[in-house]
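A quick write-up on the structure given underneath.
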Amino acid sequence: MVDLSMDVFGVEFQNPVMLASGTCGYGEEYADLIAVDELGGIVTKAVTPEARAGNPPVRITETPGGMINAIGLANVGLEGFKREKLPWLRDNLRRAHVLVNVAGWSVDDFVKVVAGLDEQDGFLGYEINVSCPNVEGGTMFGTDELALAQLVGALRAATQRPLVIKLTPNVADIGLFAQICEDNGADGLSAINTFPGMVIDVEARRPVIGNVTGGISGPAIRPMGVYATWKVASRVELPVIGIGGICNARDTLEYILAGAALVQIGTAMFVDPYTAPETIEGLREICARQGVDKLAHLVGALEA
Amino acid sequence: MVDLSMDVFGVEFQNPVMLASGTCGYGEEYADLIAVDELGGIVTKAVTPEARAGNPPVRITETPGGMINAIGLANVGLEGFKREKLPWLRDNLRRAHVLVNVAGWSVDDFVKVVAGLDEQDGFLGYEINVSCPNVEGGTMFGTDELALAQLVGALRAATQRPLVIKLTPNVADIGLFAQICEDNGADGLSAINTFPGMVIDVEARRPVIGNVTGGISGPAIRPMGVYATWKVASRVELPVIGIGGICNARDTLEYILAGAALVQIGTAMFVDPYTAPETIEGLREICARQGVDKLAHLVGALEA
Amino acid sequence: MRAQQIFRAWSPVRARQQVAEDTYWLELEAAEIAAAAAPGQFVMVGFGMRGWGVPFLPRPNSVAAVLGERIGLLIRVFGGGSRRLAGLRPEDEVLLLGPLGTRFQLGGAKAVLCVAGGVGLAPFLLLPRWEPLKRSGAEVRLLYGERGAAAVFDPDKIRELTGLDPEIWTEDGSLGRQGRVTAGLDLKGVDLVLACGPPPMLKAVRALALEAGVPCQLAVEEHMACGVGTCIGCAIETVDPETGEAGYSLVCSDGPVFAAERLRW
Amino acid sequence: MRAQQIFRAWSPVRARQQVAEDTYWLELEAAEIAAAAAPGQFVMVGFGMRGWGVPFLPRPNSVAAVLGERIGLLIRVFGGGSRRLAGLRPEDEVLLLGPLGTRFQLGGAKAVLCVAGGVGLAPFLLLPRWEPLKRSGAEVRLLYGERGAAAVFDPDKIRELTGLDPEIWTEDGSLGRQGRVTAGLDLKGVDLVLACGPPPMLKAVRALALEAGVPCQLAVEEHMACGVGTCIGCAIETVDPETGEAGYSLVCSDGPVFAAERLRW
Ligand SMILES: Cc1cc2nc3c(=O)[nH]c(=O)nc-3n(C[C@H](O)[C@H](O)[C@H](O)COP(=O)(O)OP(=O)(O)OC[C@H]3O[C@@H](n4cnc5c(N)ncnc54)[C@H](O)[C@@H]3O)c2cc1C
Ligand SMILES: Cc1cc2nc3c(=O)[nH]c(=O)nc-3n(C[C@H](O)[C@H](O)[C@H](O)COP(=O)(O)OP(=O)(O)OC[C@H]3O[C@@H](n4cnc5c(N)ncnc54)[C@H](O)[C@@H]3O)c2cc1C
Ligand SMILES: Cc1cc2nc3c(=O)[nH]c(=O)nc-3n(C[C@H](O)[C@H](O)[C@H](O)COP(=O)(O)O)c2cc1C
Ligand SMILES: Cc1cc2nc3c(=O)[nH]c(=O)nc-3n(C[C@H](O)[C@H](O)[C@H](O)COP(=O)(O)O)c2cc1C
Ligand code: FES
Ligand code: FES
């Protein structure tokens with residue numbers, strides 16, 4: 001029997017496979033399609049202090065080997081989340097761990113959400129979205145060394161729960177930003193968020209996306225995500241959650257070998273909602289075939 | 001009859017379609033497959049002061065919707081280029097324009113190549129590769145504001161020929177780097193070079209690429225390239241050469257609408273060497289269908 | 001939990017046939033979806049992780065028929081995704097997710113006018129499976145517009161599938177009556193209008209129905225990724241008919257069938 | 001300009017057949033390539049810009065037969081690219097570029113030993129098209145190794161295609177002699193060794209031939225993108241036999257056939 005569990009943030013994840021923020025709603029939306037509680041965990045859609053309607057359509061379209069999205073952080077807001085979403089998570093996820101993805105436009109915004117949730121049950125910790133390229137100013141924390149340091153420091157002061165910072169790949173040296181997070185008290189790093197991109201309708205001569213630009217995700221960005229994970233894991237001691245284009249167990253192993261202790265699947269869930277459970281099954285099979293009895297032994301085991 | 005010509009760098013390009021550096025050798029390699037002189041132009045493989053053998057294998061592998069390469073700037077060097085490659089370009093390309101791609105690890109390296117070529121015939125100008133992510137230190141100029149400014153200034157002093165700086169997407173704000181190039185005397189900008197990436201062989205637990213990391217190109221990066229082109233063209237007055245994942249006339253129009261006056265096709269030439277001539281043909285057809293008599297009118301014509 | 005269960009299944013192609021210019025009829029074996037689908041609902045049709053390429057994401061397509069354990073799709077080629085679907089052959093498999101979305105609501109209507117533009121015909125081909133209609137015995141008329149004769153799905157086949165005699169309109173007059181299908185919109189005696197087709201057509205139908213005060217439901221389209229409400233990608237502007245408040249609804253789960261007055265058009 | 005013209009053509013699949021475990025025989029109509037290809041040479045097989053996905057880049061494959069205006073390919077499934085090629089059906093088309101690369105050189109050899117490992121058999125199936133061999137009347141022996149019987153390409157078919165009686169070795173002894181094909185390497189009387197197969201096999205053959213002082217040529221593999229020398233991607237370490245200087249050569253244009261002593265192994 002292969003042991004897929006990972007000890008991260010002081011708890012045990014039954015396996016490393018999580019669902020990425022913005023691609024699984026608040027968990028409930030997939031509950032009648034897959035056994036969500038069998039996953040390593042899920043990350044909620046971003047929660048902002050107030051509810052947000054999001055961007056005008058078109059919000060998504062396909063790109064080569066992936067997609068572009070500009071949802072505009074549409075979400076139910078802090079109070080809506082507490083009232084409508086958290087109870088389901090608390091009542092239904094016993095083994096899968098929940099990270100609440102938090103977004104905002106000022107240190108205050110982030111602190112407000114974290115402080116407003118910290119006493120609640122039903123989730124493990126936070127994933128801080130400092131890199132959403134869709135909403136003006138939202139990209140700032142993730143590409144500004146000073147702002148990032150202040151944000152992480154302020155959030156550290158606001159919670160004892162696991163605090164994971166989700167890095168943007170849109171910087172020259174992602175290791176540096178990982179270091180800043182570590183130095184300021186973060187507990188872990190997620191890498192990566194989407195790349196800024198743009199698709200043009202050449203007949204209409206307009207951007208396809210209502211918001212003009214959006215974020216690119218999917219297999220197209222997998223080699224960039226593996227690279228970022230490797231860079232971050234080589235630079236800091238914190239656990240890394242690898243994200244970007246993961247479609248199956250093989251892809252997951254790329255991230256794990258590069259140094260990720262956990263991974264998140266996003267876009268591939270749209271291609272097939274069974275991607276996550278089949279990835280877990282596939283990890284079992286590959287480990288068995290390779291004679292690996294504990295998957296955790298492969299974290300960072302790349303020979304480079 | 002649709003007019004595809006573009007007036008750029010004080011000369012007329014018969015059409016906007018060039019072949020990207022590193023993907024067409026020195027032109028001659030494609031000469032018995034396509035009519036190279038019918039293209040807008042070509043950009044040579046990088047030329048460095050000395051000949052270089054390049055990186056150990058494996059140098060390339062496929063990625064989702066693209067490929068990764070770590071050639072390591074293998075090239076014949078300045079003297080080899082003058083002796084073995086330039087004569088063919090001079091004798092065979094009458095209408096297609098040639099940019100010599102220049103790479104190096106110090107301002108001196110770049111200046112040496114430019115100074116060593118400037119008196120020669122057979123090419124129009126230079127494309128400066130400040131962004132090759134494959135060779136240690138090579139990425140520096142393209143992500144370091146001060147170093148880039150110095151480099152561009154030094155090159156401007158060394159030549160009167162068109163001086164095009166090829167930007168790396170691996171920065172938080174590509175517009176800023178475009179601005180630096182403009183301020184220091186560049187004549188144009190190419191956007192974009194490859195994204196750093198990594199592919200792991202999960203059976204061998206080793207990187208597939210001999211150099212560990214490499215650059216990602218192909219359709220996978222097209223939305224990022226269109227975005228970068230739009231950012232750069234919105235920021236500076238200089239002509240922009242759009243690059244990244246172009247496979248056909250439709251893709252070319254995306255870049256032109258985003259602000260590119262010329263484009264380069266790279267990876268798609270490996271998929272089909274007829275890509276470039278068919279793209280030119282396709283531009284004629286789309287323009288005819290859309291009632292566009294001069295393609296140049298579409299440069300930057302995006303309604304956003 | 002959703003009102004209706006969603007099935008996910010690899011589904012073999014059983015038949016494929018060109019039925020009009022750029023238009024194909026596909027039959028897929030999908031017993032569970034076939035048993036549950038109702039008019040207005042759709043499936044996401046994709047290729048999973050096997051041999052993806054173009055399309056990468058699955059594509060929404062209306063369930064156009066239930067034939068025993070098969071569902072039928074009416075596919076018109078627009079871009080790369082529909083081209084690949086149109087080119088499928090027996091032996092091939094697709095990944096299906098469905099049935100998805102809302103259905104037409106008959107209410108107490110006795111005289112229903114269906115207005116189809118182009119492959120917006122698809123959901124109406126499923127009318128024989130509409131339980132409330134069967135029970136009510138309401139009267140149904142079907143208007144069907146296309147650009148020209150070459151694009152028209154065989155009227156005999158429509159009769160065979162639906163038992164309805166379609167009233168055909170073509171813009172160039174090459175078959176049926178000449179003009180846009182909305183020109184033929186006589187709402188006298190009609191107490192429910194259902195429409196599916198390109199947005200300009202839907203807007204015209206909507207305006208006429210609202211003006212005449214006839215209840216109207218529209219099946220609309222928007223770009224989709226998940227099809228099940230998780231990505232929040234398929235938003236369309238709507239108003240709350242009670243509060244008048246503007247906002248967004250999701251075409252995949254709040255729609256694709258919307259009451260005309262809910263759409264902010 | 002190259003010594004030999006390269007053709008680029010969309011090429012219809014004419015036949016496809018499973019010939020062994022994970023191994024398929026494809027016949028493609030490609031008159032110009034068929035007319036020009038010689039043993040050792042290869043084609044890039046891809047899908048152009050139509051319906052790309054996996055594979056995105058074309059894949060190198062040895063020309064394994066010339067049958068009138070068709071070429072034959074022997075394809076073993078390793079990953080996504082070869083899986084798609086193996087799944088092609090008549091009606092499908094692929095984009096071919098070829099013939100590419102160097103060929104085996106007979107020189108004045110009179111007794112040629114061919115050593116094939118796995119689908120490294122492919123170039124030897126083309127031996128009947130080797131003009132110098134026909135003219136010289138040299139004697140040819142073919143050794144062919146596989147892991148087990150299930151993977152072996154039908155010896156009768158080899159006889160039919162080449163007129164040669166292959167000496168078969170399987171690692172598990174399930175067909176022919178048991179062991180690695182290199183165990184059967186008797187170089188007595190041989191004045192030229194040609195080999196194609198996995199690197200460990202090629203290295204073993206190379207070492208034996210160099211030791212015995214018998215001229216030896218190896219057909220090697222490397223990841224490719226362009227196939228024609230523009231991307232500099234398919235580098236392999238070589239030494240200049242005259243100067244002893246180490247460097248890189250390109251498998252697609254300096255190879256795939258290299259003299260054993262040129263490889264830095
Ligand atoms: C609920 C619903 C039911 C539908 N039923 C049918 C049907 O029965 N028959 C049929 O032929 N078509 C139907 N469509 C439209 C069909 O989904 C699109 O034609 C198809 O997505 C276009 O994909 P493509 O790759 O061919 O085009 P491309 O233009 O290449 O697609 C590019 C991107 O745009 C999206 N897109 C483009 N046009 C549309 C559109 N009209 N609606 C949604 N997304 C679009 C694609 O999904 C893709 O992400 C339906 C759409 C919806 C939302
Ligand atoms: C000159 C030459 C002739 C060949 N002739 C044949 C033949 O006749 N029959 C046959 O079955 N195979 C042949 N091969 C090997 C064949 O090209 C590979 O099996 C194929 O590229 C693997 O692709 P994939 O997508 O199935 O595997 P994947 O492992 O998924 O491929 C991933 C990437 O690695 C590259 N790659 C993986 N293995 C190889 C390899 N061994 N050689 C080159 N690139 C590789 C692929 O091209 C691709 O870029 C030949 C290779 C070369 C270089
Ligand atoms: C539709 C969509 C919505 C997303 N919303 C969020 C979000 O709210 N917060 C966030 O941090 N990341 C968000 N992301 C980014 C993903 O969590 C993930 O980082 C990215 O998609 C890369 O992973 P993938 O390639 O597996 O999709 C979103 C991605 C998509 C496709
Ligand atoms: C094999 C290969 C070699 C390359 N070599 C160079 C180079 O020498 N100099 C350079 O500036 N860019 C080089 N590039 C980058 C391309 O010129 C181009 O910017 C990039 O590939 C994106 O375009 P594409 O997606 O059309 O390939 C190389 C790209 C590839 C794939
Ligand atoms: S398609 Fe994802 S929410 Fe509707
Ligand atoms: S494959 Fe491009 S140089 Fe050989």
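Each chain of the structure tokens is named A, B, ... in the order shown, its residues numbered from 1; ligands are numbered from 1 in display order.
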
* **Surrounding residues of Leu97 of chain D excluding itself and chain neighbours under 5 positions, 10 Å, only C-alpha atoms, as a PyMOL selection string** => (chain B and resi 33+271-273) or (chain D and resi 6-11+30+33+42-46+58+60+226-228)

Okay, now the selection with N, CA, C and O atoms, as a PDB file, in the first residue's frame?
ATOM      1  N   LEU B  33      13.662  24.987 -49.342  1.00  0.00           N
ATOM      2  CA  LEU B  33      12.295  24.610 -48.955  1.00  0.00           C
ATOM      3  C   LEU B  33      11.285  25.721 -49.223  1.00  0.00           C
ATOM      4  O   LEU B  33      10.149  25.457 -49.601  1.00  0.00           O
ATOM      5  N   VAL B 271       7.001  23.057 -37.159  1.00  0.00           N
ATOM      6  CA  VAL B 271       5.797  22.256 -37.379  1.00  0.00           C
ATOM      7  C   VAL B 271       5.524  22.136 -38.870  1.00  0.00           C
ATOM      8  O   VAL B 271       5.093  21.094 -39.353  1.00  0.00           O
ATOM      9  N   ASP B 272       5.809  23.198 -39.589  1.00  0.00           N
ATOM     10  CA  ASP B 272       5.601  23.197 -41.029  1.00  0.00           C
ATOM     11  C   ASP B 272       6.414  24.332 -41.635  1.00  0.00           C
ATOM     12  O   ASP B 272       6.113  25.501 -41.399  1.00  0.00           O
ATOM     13  N   PRO B 273       7.421  24.016 -42.429  1.00  0.00           N
ATOM     14  CA  PRO B 273       8.251  25.087 -43.009  1.00  0.00           C
ATOM     15  C   PRO B 273       7.481  25.995 -43.968  1.00  0.00           C
ATOM     16  O   PRO B 273       7.971  27.068 -44.308  1.00  0.00           O
TER      17      PRO B 273
ATOM     18  N   ILE D   6      14.678  18.223 -50.350  1.00  0.00           N
ATOM     19  CA  ILE D   6      13.740  17.834 -49.304  1.00  0.00           C
ATOM     20  C   ILE D   6      12.332  18.166 -49.784  1.00  0.00           C
ATOM     21  O   ILE D   6      12.085  19.261 -50.276  1.00  0.00           O
ATOM     22  N   PHE D   7      11.432  17.212 -49.638  1.00  0.00           N
ATOM     23  CA  PHE D   7      10.044  17.444 -50.031  1.00  0.00           C
ATOM     24  C   PHE D   7       9.184  17.632 -48.801  1.00  0.00           C
ATOM     25  O   PHE D   7       9.411  17.021 -47.756  1.00  0.00           O
ATOM     26  N   ARG D   8       8.182  18.478 -48.953  1.00  0.00           N
ATOM     27  CA  ARG D   8       7.212  18.705 -47.882  1.00  0.00           C
ATOM     28  C   ARG D   8       5.849  18.443 -48.494  1.00  0.00           C
ATOM     29  O   ARG D   8       5.499  19.045 -49.504  1.00  0.00           O
ATOM     30  N   ALA D   9       5.114  17.513 -47.926  1.00  0.00           N
ATOM     31  CA  ALA D   9       3.839  17.162 -48.547  1.00  0.00           C
ATOM     32  C   ALA D   9       2.839  16.615 -47.550  1.00  0.00           C
ATOM     33  O   ALA D   9       3.184  15.849 -46.646  1.00  0.00           O
ATOM     34  N   TRP D  10       1.585  17.009 -47.721  1.00  0.00           N
ATOM     35  CA  TRP D  10       0.491  16.355 -47.023  1.00  0.00           C
ATOM     36  C   TRP D  10       0.298  14.995 -47.660  1.00  0.00           C
ATOM     37  O   TRP D  10       0.207  14.880 -48.881  1.00  0.00           O
ATOM     38  N   SER D  11       0.213  14.017 -46.813  1.00  0.00           N
ATOM     39  CA  SER D  11       0.348  12.668 -47.297  1.00  0.00           C
ATOM     40  C   SER D  11      -0.765  11.806 -46.704  1.00  0.00           C
ATOM     41  O   SER D  11      -0.868  11.671 -45.485  1.00  0.00           O
ATOM     42  N   ALA D  30       3.387   9.117 -50.713  1.00  0.00           N
ATOM     43  CA  ALA D  30       4.360  10.206 -50.759  1.00  0.00           C
ATOM     44  C   ALA D  30       5.348   9.884 -51.876  1.00  0.00           C
ATOM     45  O   ALA D  30       6.479   9.462 -51.631  1.00  0.00           O
ATOM     46  N   ILE D  33       9.043  11.438 -51.950  1.00  0.00           N
ATOM     47  CA  ILE D  33       9.911  10.924 -50.894  1.00  0.00           C
ATOM     48  C   ILE D  33      10.233   9.459 -51.180  1.00  0.00           C
ATOM     49  O   ILE D  33      11.379   9.014 -51.045  1.00  0.00           O
ATOM     50  N   PHE D  42      15.345   9.396 -42.830  1.00  0.00           N
ATOM     51  CA  PHE D  42      14.093   9.457 -42.084  1.00  0.00           C
ATOM     52  C   PHE D  42      13.197  10.552 -42.635  1.00  0.00           C
ATOM     53  O   PHE D  42      13.597  11.325 -43.508  1.00  0.00           O
ATOM     54  N   VAL D  43      11.992  10.563 -42.117  1.00  0.00           N
ATOM     55  CA  VAL D  43      11.052  11.640 -42.420  1.00  0.00           C
ATOM     56  C   VAL D  43      10.582  12.255 -41.111  1.00  0.00           C
ATOM     57  O   VAL D  43      10.559  11.591 -40.076  1.00  0.00           O
ATOM     58  N   MET D  44      10.212  13.518 -41.149  1.00  0.00           N
ATOM     59  CA  MET D  44       9.502  14.123 -40.025  1.00  0.00           C
ATOM     60  C   MET D  44       8.012  13.952 -40.320  1.00  0.00           C
ATOM     61  O   MET D  44       7.543  14.330 -41.396  1.00  0.00           O
ATOM     62  N   VAL D  45       7.286  13.384 -39.353  1.00  0.00           N
ATOM     63  CA  VAL D  45       5.866  13.118 -39.540  1.00  0.00           C
ATOM     64  C   VAL D  45       5.091  13.976 -38.555  1.00  0.00           C
ATOM     65  O   VAL D  45       5.290  13.861 -37.340  1.00  0.00           O
ATOM     66  N   GLY D  46       4.250  14.843 -39.076  1.00  0.00           N
ATOM     67  CA  GLY D  46       3.528  15.729 -38.180  1.00  0.00           C
ATOM     68  C   GLY D  46       2.131  16.021 -38.669  1.00  0.00           C
ATOM     69  O   GLY D  46       1.625  15.363 -39.577  1.00  0.00           O
ATOM     70  N   PRO D  58       6.601  17.729 -35.173  1.00  0.00           N
ATOM     71  CA  PRO D  58       6.627  16.469 -35.919  1.00  0.00           C
ATOM     72  C   PRO D  58       7.610  15.494 -35.271  1.00  0.00           C
ATOM     73  O   PRO D  58       8.466  15.899 -34.485  1.00  0.00           O
ATOM     74  N   PRO D  60      10.442  12.345 -35.779  1.00  0.00           N
ATOM     75  CA  PRO D  60      11.307  11.652 -36.743  1.00  0.00           C
ATOM     76  C   PRO D  60      11.000  10.159 -36.784  1.00  0.00           C
ATOM     77  O   PRO D  60      10.814   9.535 -35.744  1.00  0.00           O
ATOM     78  N   CYS D 226      13.223  20.728 -35.951  1.00  0.00           N
ATOM     79  CA  CYS D 226      13.090  21.094 -37.365  1.00  0.00           C
ATOM     80  C   CYS D 226      13.391  19.944 -38.321  1.00  0.00           C
ATOM     81  O   CYS D 226      12.809  19.856 -39.393  1.00  0.00           O
ATOM     82  N   GLY D 227      14.335  19.088 -37.964  1.00  0.00           N
ATOM     83  CA  GLY D 227      14.731  17.994 -38.855  1.00  0.00           C
ATOM     84  C   GLY D 227      15.635  18.399 -40.001  1.00  0.00           C
ATOM     85  O   GLY D 227      16.061  17.543 -40.778  1.00  0.00           O
ATOM     86  N   VAL D 228      15.894  19.696 -40.143  1.00  0.00           N
ATOM     87  CA  VAL D 228      16.660  20.152 -41.312  1.00  0.00           C
ATOM     88  C   VAL D 228      17.853  21.048 -40.965  1.00  0.00           C
ATOM     89  O   VAL D 228      18.376  21.744 -41.830  1.00  0.00           O
TER      90      VAL D 228
END

### Task
Kindly provide, as a VMD selection string, the residues of chain D having any atom no farther than 6 Å from an atom of chain B, counting only C-alpha atoms.
chain D and resid 48 57 225 to 226 230 to 231 233

Contacts with ligand 2 at most 8 Å, only C-alpha atoms and all ligand atoms counted, listed as a VMD selection string
(chain B and resid 60 to 63 67) or (chain D and resid 23 40 to 43 54 to 55 57 to 64 73 to 84 101 119 to 123 198 219 to 225 251 to 252 255 to 256)

Identify all residues of segment 110-247 of chain D in alpha helix (DSSP H) (DSSP on the backbone) and supply them as a VMD selection string.
chain D and resid 122 to 125 131 to 136 155 to 162 199 to 212

For the selection you just gave me, I'd like the residues written to a file as a PDB file, in the first residue's frame, keeping C-alpha atoms.
ATOM      1  CA  ALA D 122      13.082  -0.011 -39.565  1.00  0.00           C
ATOM      2  CA  PRO D 123      16.028   1.251 -41.664  1.00  0.00           C
ATOM      3  CA  PHE D 124      17.088  -2.297 -42.501  1.00  0.00           C
ATOM      4  CA  LEU D 125      13.714  -3.105 -43.959  1.00  0.00           C
ATOM      5  CA  GLU D 131      21.534   0.888 -54.852  1.00  0.00           C
ATOM      6  CA  PRO D 132      25.203   0.371 -53.928  1.00  0.00           C
ATOM      7  CA  LEU D 133      24.298  -2.972 -52.351  1.00  0.00           C
ATOM      8  CA  LYS D 134      22.438  -4.140 -55.444  1.00  0.00           C
ATOM      9  CA  ARG D 135      25.385  -3.212 -57.632  1.00  0.00           C
ATOM     10  CA  SER D 136      28.022  -4.748 -55.405  1.00  0.00           C
ATOM     11  CA  PRO D 155       9.996 -12.781 -39.657  1.00  0.00           C
ATOM     12  CA  ASP D 156       8.049 -13.810 -42.753  1.00  0.00           C
ATOM     13  CA  LYS D 157       7.184 -10.208 -43.412  1.00  0.00           C
ATOM     14  CA  ILE D 158      10.857  -9.281 -42.961  1.00  0.00           C
ATOM     15  CA  ARG D 159      11.763 -11.932 -45.524  1.00  0.00           C
ATOM     16  CA  GLU D 160       9.115 -10.637 -47.866  1.00  0.00           C
ATOM     17  CA  LEU D 161      10.261  -7.025 -47.550  1.00  0.00           C
ATOM     18  CA  THR D 162      14.017  -7.605 -47.606  1.00  0.00           C
ATOM     19  CA  PRO D 199      21.738   3.492 -27.167  1.00  0.00           C
ATOM     20  CA  PRO D 200      22.992   0.696 -24.875  1.00  0.00           C
ATOM     21  CA  MET D 201      22.855  -1.721 -27.802  1.00  0.00           C
ATOM     22  CA  LEU D 202      24.572   0.740 -30.113  1.00  0.00           C
ATOM     23  CA  LYS D 203      27.288   1.327 -27.567  1.00  0.00           C
ATOM     24  CA  ALA D 204      27.903  -2.400 -27.220  1.00  0.00           C
ATOM     25  CA  VAL D 205      28.031  -2.894 -30.999  1.00  0.00           C
ATOM     26  CA  ARG D 206      30.323   0.082 -31.350  1.00  0.00           C
ATOM     27  CA  ALA D 207      32.736  -1.196 -28.714  1.00  0.00           C
ATOM     28  CA  LEU D 208      32.903  -4.672 -30.294  1.00  0.00           C
ATOM     29  CA  ALA D 209      33.419  -3.297 -33.805  1.00  0.00           C
ATOM     30  CA  LEU D 210      36.058  -0.777 -32.787  1.00  0.00           C
ATOM     31  CA  GLU D 211      37.875  -3.501 -30.861  1.00  0.00           C
ATOM     32  CA  ALA D 212      37.749  -5.833 -33.837  1.00  0.00           C
TER      33      ALA D 212
END

For this session: Do a neighbour search on Arg141 of chain D at 12 Å with only C-alpha atoms, toss out local chain neighbours closer than 3 positions, and write the hits as a ChimeraX atom specification.
Result: /D:110-116,124,127,138,144,159,162-168,184-187,189-195

Closest contacts (chain A/chain B, max 7 Å, only C-alpha atoms) as a Markdown table:
| residue | atom | partner | partner_atom | distance |
| --- | --- | --- | --- | --- |
| A:Pro64 | CA | B:Ala220 | CA | 5.2 |
| A:Gly65 | CA | B:Gly65 | CA | 5.2 |
| A:Thr143 | CA | B:Ala172 | CA | 6.2 |
| A:Asn170 | CA | B:Ala172 | CA | 5.1 |
| A:Val171 | CA | B:Val171 | CA | 4.6 |
| A:Ala172 | CA | B:Val171 | CA | 4.7 |
| A:Pro196 | CA | B:Met224 | CA | 6.2 |
| A:Gly197 | CA | B:Met224 | CA | 4.3 |
| A:Met198 | CA | B:Pro223 | CA | 4.9 |
| A:Val199 | CA | B:Pro223 | CA | 5.7 |
| A:Ile200 | CA | B:Glu254 | CA | 5.5 |
| A:Val202 | CA | B:Glu254 | CA | 6.1 |
| A:Arg205 | CA | B:Leu302 | CA | 5.3 |
| A:Arg206 | CA | B:Glu303 | CA | 5.1 |
| A:Pro207 | CA | B:Ala304 | CA | 6.5 |
| A:Val212 | CA | B:Ala304 | CA | 6.6 |
| A:Pro219 | CA | B:Pro64 | CA | 5.7 |
| A:Ala220 | CA | B:Ala220 | CA | 4.9 |
| A:Pro223 | CA | B:Gly197 | CA | 4.7 |
| A:Met224 | CA | B:Gly197 | CA | 4.3 |
| A:Val226 | CA | B:Met198 | CA | 5.9 |
| A:Tyr227 | CA | B:Met198 | CA | 4.9 |
| A:Arg250 | CA | B:Val202 | CA | 6.8 |
| A:Leu253 | CA | B:Val202 | CA | 6.3 |
| A:Glu254 | CA | B:Ile200 | CA | 5.5 |
| A:Leu257 | CA | B:Arg205 | CA | 7.0 |
| A:Leu302 | CA | B:Arg205 | CA | 5.3 |
| A:Glu303 | CA | B:Arg206 | CA | 5.1 |
| A:Ala304 | CA | B:Arg206 | CA | 6.1 |

For those residues, write C-alpha atoms to a file as a CSV table (one decimal), in the first residue's frame.
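Below you can see part23.csv, which holds the result:
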chain,number,residue,atom,x,y,z
A,64,PRO,CA,-3.5,27.1,-27.2
A,65,GLY,CA,-3.1,24.4,-24.6
A,143,THR,CA,5.6,42.3,-7.9
A,170,ASN,CA,5.2,37.8,-13.6
A,171,VAL,CA,8.5,38.8,-12.0
A,172,ALA,CA,12.2,38.5,-13.0
A,196,PRO,CA,-1.1,38.0,-18.1
A,197,GLY,CA,-2.3,37.5,-21.6
A,198,MET,CA,-4.6,38.8,-24.3
A,199,VAL,CA,-6.7,37.3,-27.2
A,200,ILE,CA,-7.9,39.4,-30.1
A,202,VAL,CA,-9.4,39.7,-35.6
A,205,ARG,CA,-10.8,44.0,-34.1
A,206,ARG,CA,-11.6,43.9,-30.4
A,207,PRO,CA,-10.2,41.9,-27.4
A,212,VAL,CA,-9.3,43.3,-22.4
A,219,PRO,CA,-1.0,22.9,-19.6
A,220,ALA,CA,0.5,25.7,-21.7
A,223,PRO,CA,6.8,24.1,-17.7
A,224,MET,CA,6.8,27.6,-16.3
A,226,VAL,CA,7.6,23.5,-12.6
A,227,TYR,CA,10.4,26.0,-13.1
A,250,ARG,CA,2.8,12.3,-14.1
A,253,LEU,CA,5.2,14.1,-10.0
A,254,GLU,CA,7.1,16.7,-12.0
A,257,LEU,CA,10.3,16.2,-7.8
A,302,LEU,CA,15.1,15.8,-8.6
A,303,GLU,CA,18.7,15.0,-9.6
A,304,ALA,CA,19.8,18.2,-11.3

Separating atom 28 (C, counted along the ligand's line) of ligand 4 from atom CA of Gly175 of chain A, to the nearest tenth of an Å, is a gap of 24.6 Å

Q. Near segment 125-129 of chain A, counting only C-alpha atoms, which residues have an atom at most 6 Å away, once you skip same-chain residues fewer than 5 positions from it, shown as a PyMOL selection string?
A. chain A and resi 99-103+161-166

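Proximity of C:Gly107, C:Pro12, C:Gly87, C:Pro39 to chain D, computed with only C-alpha atoms, is greatest for C:Gly87.
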
>> Give me, as JSON, numbers by chain, the residues of segment 37-200 of chain D that a backbone DSSP run labels strand (DSSP E or B).
In response: {"D": [42, 43, 44, 45, 46, 53, 59, 60, 61, 62, 65, 66, 67, 70, 71, 72, 73, 74, 75, 76, 93, 94, 95, 96, 97, 98, 99, 100, 111, 112, 113, 114, 115, 116, 117, 139, 140, 141, 142, 143, 144, 145, 146, 167, 168, 169, 170, 177, 178, 192, 193, 194, 195, 196]}
